[in-house]
There are 2 protein chains.
Amino acid sequence: MVPQVQEHLDALKERLLVMGGLAEEQVRLVTAALVDRDAALASRVQSGDQRINGLHIEIDQRCVKLLALHQPVAVDLRAVVAAVKINTDLERVGDLAVNVAEAVQRYLHHTPLRPLDHIPRMADLAQRMLRDALDAYVRREVALAQNVLDTDDIVDALKSQVSIDLVPVMKGAPETIEPSLDLILIARHLERIADHATNIAEDVIFMVSARDVRHHGPPG
Amino acid sequence: MVPQVQEHLDALKERLLVMGGLAEEQVRLVTAALVDRDAALASRVQSGDQRINGLHIEIDQRCVKLLALHQPVAVDLRAVVAAVKINTDLERVGDLAVNVAEAVQRYLHHTPLRPLDHIPRMADLAQRMLRDALDAYVRREVALAQNVLDTDDIVDALKSQVSIDLVPVMKGAPETIEPSLDLILIARHLERIADHATNIAEDVIFMVSARDVRHHGPPG
């Protein structure tokens with residue numbers, strides 16, 4: 001029984017990596033669409049979500065089947081439960097890339113605003129966080145997962161900076177209000193993508209160490 | 001074995017209902033804080049998230065234990081996998097209520113804008129969706145879950161209307177830009193709460209009928 005569980009777990013990991021790779025690529029492409037003002041590329045991102053959705057359903061079914069037929073235990077059981085959650089997170093990343101693409105389409109109807117430094121930087125960090133979180137899952141490596149948690153603070157700070165920079169622009173020129181709203185929205189979507197990578201990293205730490213690193217705010 | 005699985009499943013349902021009730025209450029309170037301009041109530045929502053976080057960890061552990069010790073099958077297995085996901089959704093609803101509370105705190109520093117009709121209406125709908133989605137889970141009732149999916153379109157339309165209404169206000173008076181941004185953000189957070197209710201409803205339909213209602217967009 002045990003080697004069979006291992007085989008199915010390896011297949012599950014492989015599918016999650018494929019899905020993660022697609023999600024990362026969507027984030028990369030939609031950022032290029034924004035920076036290069038390429039509406040056709042944004043459209044490609046919008047239609048590209050179908051493959052991620054197909055994997056979402058496939059992986060969900062794999063997890064249920066693995067639990068039903070092979071009854072994994074201990075860290076292997078936690079790995080399957082983590083896979084159920086990671087699958088949900090990656091599917092949302094795909095949706096968010098589509099939301100960014102929609103905002104990019106609207107943004108491209110306006111005169112470009114100031115240079116967009118923070119947004120491509122956020123996208124780079126979010127992609128790296130996704131990659132590291134999935135590597136941490138596959139290799140069951142807590143230190144790498146911890147890295148992802150630390151990077152999330154940088155992304156949060158960049159997101160706030162985007163609004164701080166744009167409010168005076170909007171106040172000075174009403175015609176910048178609509179494109180600014182789209183950039184603020186894009187920054188929020190990217191921050192949520194980084195949040196999903198953070199969720200994955202937290203699940204990895206729980207899976208490996210059965211230690212819960214979630215919810216460490218001060219008590220209410 | 002089977003009656004024991006049933007007992008544990010019932011306990012799991014009960015805990016999810018408690019968590020759902022807390023999440024709904026947070027949405028209700030934070031909307032009251034906005035409408036009544038009550039900063040103290042917004043603070044209460046911010047600290048009230050701790051109980052939801054505690055349940056999140058407890059329910060996760062229950063699910064893993066139930067899978068490990070009682071190896072449920074068929075619809076019972078799908079019910080536990082659904083509980084893992086519903087637990088995550090409810091925890092995010094709690095986080096989003098806190099995000100709304102933060103935006104409310106900022107909003108209260110400004111002169112109030114126009115009447116806020118759409119936002120309380122969105123909050124009411126989101127609460128009802130959460131309640132119906134959880135009832136559908138407990139009673140394994142597909143028709144009720146389908147209702148939740150239908151209501152989501154209304155919430156999406158209201159969210160768009162909030163931005164459509166506020167852009168001309170912002171263009172006409174620069175001092176309204178910051179409070180308007182907060183209202184737009186609050187509307188987005190409420191829409192995401194409704195999205196989480198939608199996720200729960202989709203999970204219920206999959207659990208009951210093993211039919212996947214997710215991802216029915218046109219192929220890319």
# chains A, B, ... in the order shown; residues from 1 in each chain; ligands from 1
>>> interface_residues(of="chain B", to="chain A", cutoff="9 Å", atoms="only C-alpha atoms", output="VMD selection string")
chain B and resid 44 46 to 51 53 to 54 57 63 to 64 67 to 68 71 to 74 77 to 78 81 84 to 85 88 167 170 to 175 177 to 178 181 212 214 to 215 217 to 220
>>> atom_distance(atom1="CA of Val169 (chain A)", atom2="CA of Ala39 (chain B)")
29.1 Å
>>> closest_residue(among="A:Glu7, A:Asp76, A:Asp95, A:Glu102", to="Val208 (chain A)", atoms="only C-alpha atoms")
A:Asp76
>>> residues_around(residues="Val93 (chain B)", least_positions_apart="5", cutoff="10 Å", atoms="only C-alpha atoms", output="PyMOL selection string")
chain B and resi 20+22-24+26-27+49+52+87-88+98-99+130+189-190+192-197
>>> closest_residue(among="B:Val162, B:Ala201, B:Leu34, B:Ala187", to="Gln105 (chain B)", atoms="only C-alpha atoms")
B:Leu34
>>> residues_around(residues="Asp132 (chain A)", least_positions_apart="2", cutoff="8 Å", atoms="only C-alpha atoms", output="list in words")
Arg128, Met129, Leu130, Leu134, Asp135, Ala136, Leu144, Ala145 and Val148 of chain A
>>> write_last_selection(atoms="N, CA, C and O atoms", output="JSON list (two decimals), in the first residue's frame")
[["chain", "number", "residue", "atom", "x", "y", "z"],
["A", 128, "ARG", "N", 7.68, 35.07, -7.68],
["A", 128, "ARG", "CA", 8.72, 34.34, -6.94],
["A", 128, "ARG", "C", 8.12, 33.66, -5.71],
["A", 128, "ARG", "O", 8.46, 32.53, -5.38],
["A", 129, "MET", "N", 7.19, 34.36, -5.05],
["A", 129, "MET", "CA", 6.55, 33.79, -3.86],
["A", 129, "MET", "C", 5.77, 32.51, -4.23],
["A", 129, "MET", "O", 5.81, 31.52, -3.50],
["A", 130, "LEU", "N", 5.06, 32.58, -5.36],
["A", 130, "LEU", "CA", 4.31, 31.40, -5.80],
["A", 130, "LEU", "C", 5.25, 30.22, -6.06],
["A", 130, "LEU", "O", 4.99, 29.09, -5.63],
["A", 134, "LEU", "N", 5.44, 26.70, -3.79],
["A", 134, "LEU", "CA", 5.21, 25.37, -4.36],
["A", 134, "LEU", "C", 6.44, 24.48, -4.23],
["A", 134, "LEU", "O", 6.32, 23.28, -3.96],
["A", 135, "ASP", "N", 7.63, 25.07, -4.42],
["A", 135, "ASP", "CA", 8.86, 24.30, -4.19],
["A", 135, "ASP", "C", 8.91, 23.81, -2.74],
["A", 135, "ASP", "O", 9.30, 22.67, -2.47],
["A", 136, "ALA", "N", 8.53, 24.68, -1.83],
["A", 136, "ALA", "CA", 8.52, 24.31, -0.41],
["A", 136, "ALA", "C", 7.56, 23.15, -0.17],
["A", 136, "ALA", "O", 7.83, 22.24, 0.61],
["A", 144, "LEU", "N", 12.14, 27.55, 3.35],
["A", 144, "LEU", "CA", 11.74, 28.22, 2.11],
["A", 144, "LEU", "C", 10.33, 28.81, 2.26],
["A", 144, "LEU", "O", 10.05, 29.93, 1.81],
["A", 145, "ALA", "N", 9.44, 28.06, 2.93],
["A", 145, "ALA", "CA", 8.09, 28.57, 3.17],
["A", 145, "ALA", "C", 8.14, 29.83, 4.04],
["A", 145, "ALA", "O", 7.41, 30.80, 3.80],
["A", 148, "VAL", "N", 8.80, 32.94, 2.11],
["A", 148, "VAL", "CA", 7.62, 33.46, 1.41],
["A", 148, "VAL", "C", 6.83, 34.38, 2.34],
["A", 148, "VAL", "O", 6.42, 35.48, 1.96]]
>>> residues_around(residues="Ala103 (chain A)", least_positions_apart="6", cutoff="9 Å", atoms="only C-alpha atoms", output="list in words")
Pro179, Asp182, Leu183, Leu185 and Ile186 of chain A
>>> write_last_selection(atoms="N, CA, C and O atoms", output="short mmCIF file (atom, residue, chain, number, x, y, z; two decimals), in the first residue's frame")
data_model
loop_
_atom_site.label_atom_id
_atom_site.label_comp_id
_atom_site.auth_asym_id
_atom_site.auth_seq_id
_atom_site.Cartn_x
_atom_site.Cartn_y
_atom_site.Cartn_z
N PRO A 179 -8.09 56.03 -14.85
CA PRO A 179 -6.91 55.14 -14.96
C PRO A 179 -6.21 54.88 -13.62
O PRO A 179 -5.69 53.78 -13.39
N ASP A 182 -7.87 52.09 -11.86
CA ASP A 182 -7.49 50.78 -12.41
C ASP A 182 -6.12 50.33 -11.89
O ASP A 182 -5.93 49.17 -11.57
N LEU A 183 -5.17 51.27 -11.79
CA LEU A 183 -3.85 50.89 -11.27
C LEU A 183 -3.93 50.49 -9.80
O LEU A 183 -3.28 49.52 -9.37
N LEU A 185 -6.45 49.18 -8.36
CA LEU A 185 -7.08 47.87 -8.37
C LEU A 185 -6.09 46.77 -8.76
O LEU A 185 -6.06 45.70 -8.14
N ILE A 186 -5.27 47.06 -9.77
CA ILE A 186 -4.27 46.08 -10.21
C ILE A 186 -3.30 45.78 -9.07
O ILE A 186 -2.96 44.62 -8.81
#
>>> atom_distance(atom1="CA of Asp38 (chain B)", atom2="CA of Arg106 (chain B)")
11.9 Å
>>> closest_residue(among="A:Ala101, A:Ile154, A:Val75, A:Val35", to="Leu116 (chain A)", atoms="only C-alpha atoms")
A:Val35
>>> atom_distance(atom1="CA of His109 (chain A)", atom2="CA of Ala123 (chain A)")
21.9 Å
